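Structure file input31.tsv (TSV, C-alpha atoms) is printed below.
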chain	number	residue	atom	x	y	z
Q	439	MET	CA	0.00	0.00	0.00
Q	440	ASN	CA	1.37	3.44	-0.98
Q	441	PRO	CA	1.33	6.25	1.59
Q	442	THR	CA	-0.76	8.31	-0.87
Q	443	ASP	CA	-3.43	5.61	-0.74
Q	444	PHE	CA	-4.43	6.80	2.69
Q	445	ILE	CA	-2.94	10.33	2.94
Q	446	TRP	CA	-5.37	11.89	0.42
Q	447	PRO	CA	-8.44	10.09	1.80
Q	448	ALA	CA	-7.53	11.03	5.38
Q	449	LEU	CA	-6.77	14.64	4.40
Q	450	GLY	CA	-10.01	14.88	2.42
Q	451	GLY	CA	-11.83	13.43	5.41
Q	452	ALA	CA	-10.19	16.02	7.69
Q	453	LEU	CA	-11.48	18.80	5.38
Q	454	ILE	CA	-14.98	17.28	5.57
Q	455	GLY	CA	-14.70	17.30	9.37
Q	456	LEU	CA	-13.47	20.92	9.31
Q	457	ALA	CA	-16.31	22.03	7.01
Q	458	SER	CA	-18.85	20.32	9.28
Q	459	ALA	CA	-17.34	21.97	12.37
Q	460	LEU	CA	-17.47	25.40	10.69
Q	461	LEU	CA	-21.15	24.93	9.85
Q	462	LEU	CA	-21.77	24.07	13.50
Q	463	LEU	CA	-19.71	27.04	14.73
Q	464	PHE	CA	-21.40	29.62	12.50
Q	465	LYS	CA	-24.90	28.23	11.96
Q	466	GLY	CA	-25.30	25.76	14.82
Q	467	ARG	CA	-26.37	23.08	12.34
Q	468	VAL	CA	-25.25	19.51	11.68
Q	469	ALA	CA	-23.73	18.93	8.25
Q	470	GLY	CA	-25.92	16.01	7.22
Q	471	ILE	CA	-26.18	16.27	3.45
Q	472	SER	CA	-29.38	14.25	3.03
Q	473	GLY	CA	-31.14	16.30	5.71
Q	474	ILE	CA	-29.92	19.63	4.33
Q	475	PHE	CA	-30.85	18.76	0.73
Q	476	GLY	CA	-34.07	16.93	1.59
Q	477	LEU	CA	-35.41	19.73	3.79
Q	478	ALA	CA	-34.36	22.37	1.24
Q	479	LEU	CA	-36.45	20.49	-1.33
Q	480	SER	CA	-39.48	19.89	0.84
Q	481	SER	CA	-39.98	23.16	2.67
Q	482	PRO	CA	-39.25	26.83	1.93
Q	483	ARG	CA	-39.02	27.45	5.68
Q	484	ASP	CA	-35.41	28.13	6.73
Q	485	SER	CA	-34.24	26.85	3.34
Q	486	GLY	CA	-31.94	29.76	2.38
Q	487	TRP	CA	-28.84	28.50	4.16
Q	488	ARG	CA	-29.58	24.94	3.00
Q	489	TRP	CA	-29.70	25.93	-0.67
Q	490	ALA	CA	-26.54	28.01	-0.15
Q	491	PHE	CA	-24.75	24.94	1.26
Q	492	VAL	CA	-25.96	22.72	-1.61
Q	493	LEU	CA	-24.91	25.37	-4.13
Q	494	GLY	CA	-21.52	25.44	-2.39
Q	495	LEU	CA	-21.19	21.67	-2.84
Q	496	VAL	CA	-21.98	21.97	-6.55
Q	497	ALA	CA	-19.67	24.98	-6.99
Q	498	GLY	CA	-16.86	23.27	-5.10
Q	499	GLY	CA	-17.27	20.30	-7.39
Q	500	VAL	CA	-17.15	22.51	-10.49
Q	501	GLY	CA	-13.98	24.21	-9.24
Q	502	TYR	CA	-12.31	20.90	-8.44
Q	503	LEU	CA	-13.36	19.50	-11.81
Q	504	ALA	CA	-11.63	22.41	-13.57
Q	505	LEU	CA	-8.38	21.62	-11.76
Q	506	SER	CA	-8.58	17.82	-11.77
Q	507	PRO	CA	-11.08	16.17	-14.13
Q	508	ALA	CA	-9.60	12.76	-13.27
Q	509	SER	CA	-11.06	13.08	-9.75
Q	510	PHE	CA	-14.52	12.58	-11.25
Q	511	ALA	CA	-13.70	9.68	-13.56
Q	512	SER	CA	-15.00	6.30	-12.52
Q	513	THR	CA	-14.44	2.80	-13.78
Q	514	TYR	CA	-17.75	1.71	-12.23
Q	515	ASP	CA	-20.95	2.26	-14.20
Q	516	PRO	CA	-24.13	0.33	-13.38
Q	517	GLY	CA	-26.07	1.89	-16.30
Q	518	LEU	CA	-28.86	4.44	-16.19
Q	519	PRO	CA	-31.87	2.32	-15.05
Q	520	LEU	CA	-29.98	1.00	-12.03
Q	521	THR	CA	-28.54	4.46	-11.32
Q	522	ALA	CA	-32.07	5.88	-11.27
Q	523	ALA	CA	-33.30	3.08	-8.99
Q	524	ALA	CA	-30.29	3.65	-6.72
Q	525	GLY	CA	-31.06	7.37	-6.52
Q	526	LEU	CA	-34.66	6.66	-5.50
Q	527	LEU	CA	-33.53	4.24	-2.78
Q	528	VAL	CA	-30.88	6.66	-1.48
Q	529	GLY	CA	-33.35	9.57	-1.44
Q	530	PHE	CA	-36.18	7.69	0.25
Q	531	GLY	CA	-33.88	5.70	2.55
Q	532	THR	CA	-31.82	8.60	3.86
Q	533	ARG	CA	-34.95	10.61	4.71
Q	534	LEU	CA	-36.60	7.59	6.35
Q	535	GLY	CA	-33.42	6.73	8.26
Q	536	SER	CA	-32.73	10.39	9.20
Q	537	GLY	CA	-29.29	10.54	7.63
Q	538	CYS	CA	-26.54	9.33	5.35
Q	539	THR	CA	-22.78	8.92	5.41
Q	540	SER	CA	-22.23	12.51	6.59
Q	541	GLY	CA	-24.99	12.92	9.18
Q	542	HIS	CA	-24.76	9.45	10.72
Q	543	GLY	CA	-21.29	8.36	9.58
Q	544	VAL	CA	-19.37	11.52	10.49
Q	545	CYS	CA	-21.40	13.81	12.76
Q	546	GLY	CA	-23.32	11.07	14.60
Q	547	LEU	CA	-20.33	8.82	15.22
Q	548	SER	CA	-18.39	11.85	16.51
Q	549	ARG	CA	-21.16	12.43	19.07
Q	550	LEU	CA	-21.03	8.71	19.99
Q	551	SER	CA	-24.70	8.40	19.03
Q	552	ALA	CA	-25.98	4.82	19.24
Q	553	ARG	CA	-28.59	5.57	16.56
Q	554	SER	CA	-25.88	6.71	14.16
Q	555	LEU	CA	-23.65	3.73	14.91
Q	556	VAL	CA	-26.51	1.33	14.20
Q	557	ALA	CA	-27.45	3.27	11.04
Q	558	THR	CA	-23.84	3.31	9.79
Q	559	LEU	CA	-23.32	-0.41	10.40
Q	560	THR	CA	-26.66	-1.09	8.68
Q	561	PHE	CA	-25.93	0.86	5.50
Q	562	ILE	CA	-22.39	-0.50	5.24
Q	563	ALA	CA	-23.78	-4.05	5.64
Q	564	THR	CA	-26.56	-3.71	3.05
Q	565	GLY	CA	-24.14	-1.77	0.82
Q	566	ALA	CA	-21.62	-4.61	1.00
Q	567	VAL	CA	-24.23	-7.26	0.18
Q	568	THR	CA	-25.54	-5.13	-2.72
Q	569	THR	CA	-22.02	-4.59	-4.04
Q	570	TRP	CA	-21.39	-8.33	-3.97
Q	571	VAL	CA	-24.62	-8.92	-5.93
Q	572	MET	CA	-23.77	-6.15	-8.41
Q	573	LEU	CA	-20.19	-7.28	-9.04
Q	574	ASN	CA	-20.89	-11.03	-9.12
Q	575	LEU	CA	-24.41	-11.41	-10.48
Q	576	VAL	CA	-25.58	-8.19	-12.17
Q	577	LEU	CA	-22.41	-6.84	-13.76
Q	578	PRO	CA	-19.94	-9.73	-13.81
Q	579	GLY	CA	-16.77	-8.82	-15.65
Q	580	ALA	CA	-17.31	-5.10	-15.02
C	111	MET	CA	-24.46	37.60	1.47
C	112	LYS	CA	-26.41	36.30	4.46
C	113	HIS	CA	-25.69	32.74	3.46
C	114	LEU	CA	-22.06	33.16	2.42
C	115	VAL	CA	-20.77	31.02	5.30
C	116	SER	CA	-23.11	28.14	4.43
C	117	PHE	CA	-22.01	28.39	0.79
C	118	ALA	CA	-18.31	28.42	1.79
C	119	THR	CA	-18.68	25.37	4.06
C	120	GLY	CA	-20.41	23.59	1.17
C	121	VAL	CA	-17.43	24.40	-1.08
C	122	LEU	CA	-14.95	23.14	1.52
C	123	PHE	CA	-17.01	19.98	2.04
C	124	ALA	CA	-17.00	19.32	-1.72
C	125	VAL	CA	-13.23	19.85	-1.95
C	126	GLY	CA	-12.75	17.37	0.89
C	127	LEU	CA	-14.92	14.77	-0.86
C	128	ALA	CA	-13.14	15.17	-4.21
C	129	LEU	CA	-9.67	15.19	-2.62
C	130	ALA	CA	-10.60	12.01	-0.76
C	131	GLY	CA	-11.56	10.29	-4.02
C	132	MET	CA	-15.22	9.94	-3.00
C	133	THR	CA	-16.45	11.51	-6.25
C	134	GLN	CA	-15.26	8.33	-7.99
C	135	PRO	CA	-17.96	5.68	-7.46
C	136	HIS	CA	-15.46	2.86	-8.01
C	137	LYS	CA	-13.64	3.95	-4.83
C	138	VAL	CA	-16.88	3.60	-2.86
C	139	VAL	CA	-17.78	0.28	-4.46
C	140	GLY	CA	-14.18	-0.81	-3.83
C	141	PHE	CA	-14.68	-0.13	-0.12
C	142	LEU	CA	-17.96	-2.04	-0.02
C	143	ASP	CA	-16.41	-4.96	-1.92
C	144	PHE	CA	-15.16	-6.74	1.22
C	145	THR	CA	-14.89	-10.11	-0.51
C	146	GLY	CA	-12.91	-8.74	-3.48
C	147	SER	CA	-9.87	-6.45	-3.70
C	148	TRP	CA	-10.89	-4.26	-0.79
C	149	ASP	CA	-10.13	-0.51	-1.07
C	150	PRO	CA	-9.92	0.95	2.47
C	151	SER	CA	-9.97	4.61	1.28
C	152	LEU	CA	-13.47	5.32	2.59
C	153	ALA	CA	-12.48	4.13	6.07
C	154	PHE	CA	-9.67	6.70	6.10
C	155	VAL	CA	-12.05	9.41	4.87
C	156	MET	CA	-14.56	8.64	7.61
C	157	GLY	CA	-11.77	8.26	10.18
C	158	GLY	CA	-10.18	11.60	9.25
C	159	ALA	CA	-13.54	13.35	9.32
C	160	VAL	CA	-14.59	11.82	12.65
C	161	VAL	CA	-11.29	12.64	14.39
C	162	VAL	CA	-11.36	16.29	13.29
C	163	TYR	CA	-15.09	16.79	13.88
C	164	ALA	CA	-15.15	15.00	17.23
C	165	VAL	CA	-12.50	17.39	18.61
C	166	LEU	CA	-13.71	20.63	16.97
C	167	MET	CA	-17.38	19.90	17.75
C	168	ARG	CA	-16.60	19.69	21.47
C	169	LEU	CA	-14.69	22.99	21.33
C	170	VAL	CA	-17.50	24.68	19.37
C	171	LEU	CA	-20.19	23.46	21.79
C	172	ARG	CA	-18.39	25.15	24.69
C	173	ARG	CA	-19.77	28.37	23.26
C	174	GLY	CA	-23.28	29.21	24.35
C	175	ALA	CA	-24.52	29.85	20.82
C	176	PRO	CA	-23.47	29.77	17.17
C	177	LEU	CA	-21.57	32.83	15.86
C	178	LEU	CA	-24.40	33.87	13.53
C	179	GLY	CA	-27.04	33.73	16.26
C	180	GLY	CA	-29.83	31.31	17.09
C	181	ALA	CA	-29.15	28.14	19.03
C	182	PHE	CA	-27.29	24.91	18.37
C	183	ALA	CA	-29.65	22.41	16.74
C	184	LEU	CA	-28.40	18.90	17.49
C	185	PRO	CA	-30.33	15.66	17.02
C	186	THR	CA	-31.98	14.59	20.26
C	187	ARG	CA	-33.58	11.24	19.39
C	188	ARG	CA	-32.08	8.15	20.98
C	189	ASP	CA	-34.50	5.37	19.98
C	190	LEU	CA	-33.49	2.64	17.56
C	191	SER	CA	-36.68	2.85	15.53
C	192	PRO	CA	-37.81	0.55	12.71
C	193	ARG	CA	-37.68	3.57	10.41
C	194	LEU	CA	-34.01	4.17	11.25
C	195	LEU	CA	-33.18	0.57	10.40
C	196	ALA	CA	-35.36	0.29	7.30
C	197	GLY	CA	-34.23	3.64	5.93
C	198	SER	CA	-30.54	2.93	6.53
C	199	ALA	CA	-30.90	-0.51	4.93
C	200	MET	CA	-32.55	1.03	1.84
C	201	PHE	CA	-29.90	3.71	1.64
C	202	GLY	CA	-27.14	1.08	1.75
C	203	VAL	CA	-28.70	-0.84	-1.14
C	204	GLY	CA	-28.80	2.29	-3.32
C	205	TRP	CA	-25.29	3.26	-2.21
C	206	GLY	CA	-23.93	-0.13	-3.24
C	207	MET	CA	-25.81	-0.08	-6.56
C	208	ALA	CA	-24.50	3.28	-7.78
C	209	GLY	CA	-21.47	4.01	-5.58
C	210	PHE	CA	-22.98	7.40	-4.77
C	211	CYS	CA	-24.26	8.84	-1.53
C	212	PRO	CA	-25.86	12.30	-1.40
C	213	GLY	CA	-22.72	14.45	-0.86
C	214	PRO	CA	-20.53	13.05	-3.66
C	215	ALA	CA	-23.51	12.94	-6.05
C	216	LEU	CA	-24.27	16.64	-5.53
C	217	THR	CA	-20.56	17.46	-5.78
C	218	SER	CA	-20.44	15.65	-9.16
C	219	VAL	CA	-23.42	17.47	-10.69
C	220	GLY	CA	-21.09	19.95	-12.42
C	221	THR	CA	-19.58	17.20	-14.55
C	222	LEU	CA	-22.96	17.16	-16.33
C	223	GLY	CA	-22.43	13.41	-16.63
C	224	THR	CA	-25.66	11.47	-17.06
C	225	GLY	CA	-24.80	9.23	-14.06
C	226	PRO	CA	-24.66	11.99	-11.39
C	227	LEU	CA	-27.51	13.96	-13.00
C	228	ILE	CA	-29.91	11.00	-13.17
C	229	PHE	CA	-28.89	9.96	-9.66
C	230	VAL	CA	-29.56	13.43	-8.18
C	231	VAL	CA	-32.92	13.77	-9.95
C	232	ALA	CA	-33.98	10.30	-8.74
C	233	MET	CA	-32.66	11.02	-5.24
C	234	SER	CA	-34.70	14.24	-5.11
C	235	ALA	CA	-37.78	12.30	-6.23
C	236	GLY	CA	-37.13	9.68	-3.53
C	237	MET	CA	-36.84	12.37	-0.85
C	238	LEU	CA	-40.04	14.12	-1.96
C	239	LEU	CA	-41.83	10.77	-2.20
C	240	HIS	CA	-40.80	10.05	1.40
C	241	ASP	CA	-42.25	13.35	2.56
C	242	LEU	CA	-45.44	12.75	0.59
C	243	VAL	CA	-45.95	9.25	2.03
C	244	PHE	CA	-45.18	10.17	5.61
C	245	GLU	CA	-47.13	13.41	5.58
C	246	ARG	CA	-50.14	11.37	4.38
C	247	ILE	CA	-49.60	8.87	7.20
C	248	ALA	CA	-49.30	11.67	9.76
C	249	LEU	CA	-52.45	13.33	8.40
C	250	ALA	CA	-54.38	10.05	8.45
C	251	ARG	CA	-53.33	9.48	12.06
C	252	THR	CA	-54.53	12.89	13.22
C	253	ALA	CA	-57.76	12.43	11.26
C	254	THR	CA	-58.58	9.11	12.93
C	255	GLN	CA	-57.85	10.36	16.42
C	256	PRO	CA	-60.99	11.19	18.39
C	257	SER	CA	-61.46	14.92	18.70
C	258	CYS	CA	-62.52	15.72	22.21

Rewrite the structure from the file as structure tokens, please.
Amino acid sequence: MNPTDFIWPALGGALIGLASALLLLFKGRVAGISGIFGLALSSPRDSGWRWAFVLGLVAGGVGYLALSPASFASTYDPGLPLTAAAGLLVGFGTRLGSGCTSGHGVCGLSRLSARSLVATLTFIATGAVTTWVMLNLVLPGA
Amino acid sequence: MKHLVSFATGVLFAVGLALAGMTQPHKVVGFLDFTGSWDPSLAFVMGGAVVVYAVLMRLVLRRGAPLLGGAFALPTRRDLSPRLLAGSAMFGVGWGMAGFCPGPALTSVGTLGTGPLIFVVAMSAGMLLHDLVFERIALARTATQPSC
């Protein structure tokens, strides 16, 4: 394993932690992306800062893309019908389960929340089973 | 201007995700592929984020209130509800199918690639569908309760 294999992920993770802490410091809010985006979509109440954060995510992505297009290239492509089905499941599931990788996986685990630990173990487990099915049964050879 | 800080934290969050390689779905699928050639990147991303946030969060919460006013809004629920489990299980299935979770998908919108765009549209539909279904259920419950 090369040192860069974990230095960039850990550094990127540290920036995610810093961004989440800054949102807490200034706005008093938890940086859970599914909650921020889902509530921005569903209700105009208090949605200004949420849309600003989402716009920041998109803009940050555009800026990074300009500097490093390779960071957005993927060798994994399940095709459009499965991508659409996946999006539906992620949207419905994260709202039903009150969070995703950021809200439960980062902010919740940092607070030592039992709910977030159970949620994180659950989505990693079903994600792992799904990945096995995708790589071995649905898209073998991909 | 009022929401400049929220915008800036969104930008920083996106840069962190891209730097960490999380905008490449094969890195996510590689992490979830425990029986294949496992890619531990995502564990380092989550680890780095948790270490930094766990420390800074505790420092921030020593303040009485956020810098821009209002109060700290932290989750208060502690119950391991069926909805938490069912929702997280559904999310994991979608995550494993596409290799996208909400943050990296939104960060990748600017590529204008059909993958991220279709995913984000479908994710938005899933979120709105959730609200529709559960608002109906909540309404039905209040309607059937005796009014006395």

Give me the residues within 8 Å of region 210-221 of chain C as number ranges by chain, counting only C-alpha atoms and dropping any in the same chain fewer than 4 places off.
Q: 471-472, 492, 495-500, 503, 510, 528-529, 538-540; C: 124, 127-128, 132-133, 135, 138, 204-206, 226-227, 229-230, 233

So how far away is CA of Ala511 (chain Q) from CA of Pro447 (chain Q), in Å?
16.2 Å

Write out as a list in words each polymer residue whose atoms come within 10 Å of Arg187 (chain C), counting all atoms listed in the file; drop sequence neighbours fewer than 6 positions from it.
Ser551, Ala552 and Arg553 of chain Q

If you count only C-alpha atoms, the residue of C:Phe244, C:Thr252, C:Ala153, C:Gly126 closest to chain Q turns out to be C:Gly126

Enumerate, as a ChimeraX atom specification, the protein, DNA and RNA residues whose atoms approach (-10.6, 7.8, 6.6) to within 9 Å, taking into account only C-alpha atoms and the coordinate frame of the file.
/Q:444-445,447-452 /C:130,150-160

Selected residues written out, C-alpha atoms, as a PDB file, in the coordinates of the input:
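Result written to out30.pdb:
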ATOM      1  CA  PHE Q 444      -4.430   6.800   2.690  1.00  0.00           C
ATOM      2  CA  ILE Q 445      -2.940  10.330   2.940  1.00  0.00           C
ATOM      3  CA  PRO Q 447      -8.440  10.090   1.800  1.00  0.00           C
ATOM      4  CA  ALA Q 448      -7.530  11.030   5.380  1.00  0.00           C
ATOM      5  CA  LEU Q 449      -6.770  14.640   4.400  1.00  0.00           C
ATOM      6  CA  GLY Q 450     -10.010  14.880   2.420  1.00  0.00           C
ATOM      7  CA  GLY Q 451     -11.830  13.430   5.410  1.00  0.00           C
ATOM      8  CA  ALA Q 452     -10.190  16.020   7.690  1.00  0.00           C
TER       9      ALA Q 452
ATOM     10  CA  ALA C 130     -10.600  12.010  -0.760  1.00  0.00           C
ATOM     11  CA  PRO C 150      -9.920   0.950   2.470  1.00  0.00           C
ATOM     12  CA  SER C 151      -9.970   4.610   1.280  1.00  0.00           C
ATOM     13  CA  LEU C 152     -13.470   5.320   2.590  1.00  0.00           C
ATOM     14  CA  ALA C 153     -12.480   4.130   6.070  1.00  0.00           C
ATOM     15  CA  PHE C 154      -9.670   6.700   6.100  1.00  0.00           C
ATOM     16  CA  VAL C 155     -12.050   9.410   4.870  1.00  0.00           C
ATOM     17  CA  MET C 156     -14.560   8.640   7.610  1.00  0.00           C
ATOM     18  CA  GLY C 157     -11.770   8.260  10.180  1.00  0.00           C
ATOM     19  CA  GLY C 158     -10.180  11.600   9.250  1.00  0.00           C
ATOM     20  CA  ALA C 159     -13.540  13.350   9.320  1.00  0.00           C
ATOM     21  CA  VAL C 160     -14.590  11.820  12.650  1.00  0.00           C
TER      22      VAL C 160
END

Let me make sure I understand: among Q:Leu520, Q:Ile454, Q:Leu462, Q:Ala508, which one has the smallest atom-to-atom distance to Val115 (chain C) if we use all atoms listed in the file?
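Counting all atoms listed in the file, the residue closest to Val115 (chain C) is Q:Leu462.
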
Nearest residue to Trp446 (chain Q) from the set C:Leu239, C:Leu129, C:Ile228, C:Leu177 (distances using only C-alpha atoms):
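Of all the options, C:Leu129 lies closest to Trp446 (chain Q).
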
Using all atoms listed in the file, give me every residue within 7 Å of (-10.8, 20.1, 11.3) in file coordinates, as a PDB file with C-alpha atoms, keeping the file's coordinate frame.
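As written to disk, selection_5.pdb reads:
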ATOM      1  CA  ALA Q 452     -10.190  16.020   7.690  1.00  0.00           C
ATOM      2  CA  LEU Q 453     -11.480  18.800   5.380  1.00  0.00           C
ATOM      3  CA  GLY Q 455     -14.700  17.300   9.370  1.00  0.00           C
ATOM      4  CA  LEU Q 456     -13.470  20.920   9.310  1.00  0.00           C
ATOM      5  CA  ALA Q 459     -17.340  21.970  12.370  1.00  0.00           C
TER       6      ALA Q 459
ATOM      7  CA  VAL C 162     -11.360  16.290  13.290  1.00  0.00           C
ATOM      8  CA  TYR C 163     -15.090  16.790  13.880  1.00  0.00           C
ATOM      9  CA  LEU C 166     -13.710  20.630  16.970  1.00  0.00           C
TER      10      LEU C 166
END

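The shortest atom-to-atom distance to chain C, with all atoms listed in the file taken into account, belongs to Q:Lys465 out of Q:Leu577, Q:Val571, Q:Lys465, Q:Pro482.
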
Which one of Q:Leu477, Q:Ser554, Q:Leu505, Q:Leu463 sits closest to chain C if you count only C-alpha atoms?
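For chain C, the nearest of the given residues is Q:Leu463.
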
For each of C:Met207, C:Leu222, C:Met167, C:Lys112, take the minimum atom-to-atom distance to Arg467 (chain Q), counting all atoms listed in the file, then give the residue where this is smallest.
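When distances to Arg467 (chain Q) are compared using all atoms listed in the file, the smallest one comes from C:Met167.
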
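Separating CA of Leu573 (chain Q) from CA of Asp143 (chain C) is a distance of 8.4 Å.
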
Long-range neighbours of Ala563 (chain Q) as a PyMOL selection string, 9 Å cut-off, only C-alpha atoms, 4 positions minimum in chain:
(chain Q and resi 558-559+567-568) or (chain C and resi 142+199+202-203)

Quick one: distance from CA of Leu518 (chain Q) to CA of Gly225 (chain C) in Å, one decimal?
6.6 Å

Write out as number ranges by chain which residues come within 8 Å of Gly180 (chain C) when counting only C-alpha atoms, dropping same-chain ones fewer than 3 positions away.
Q: 465-466; C: 175-176
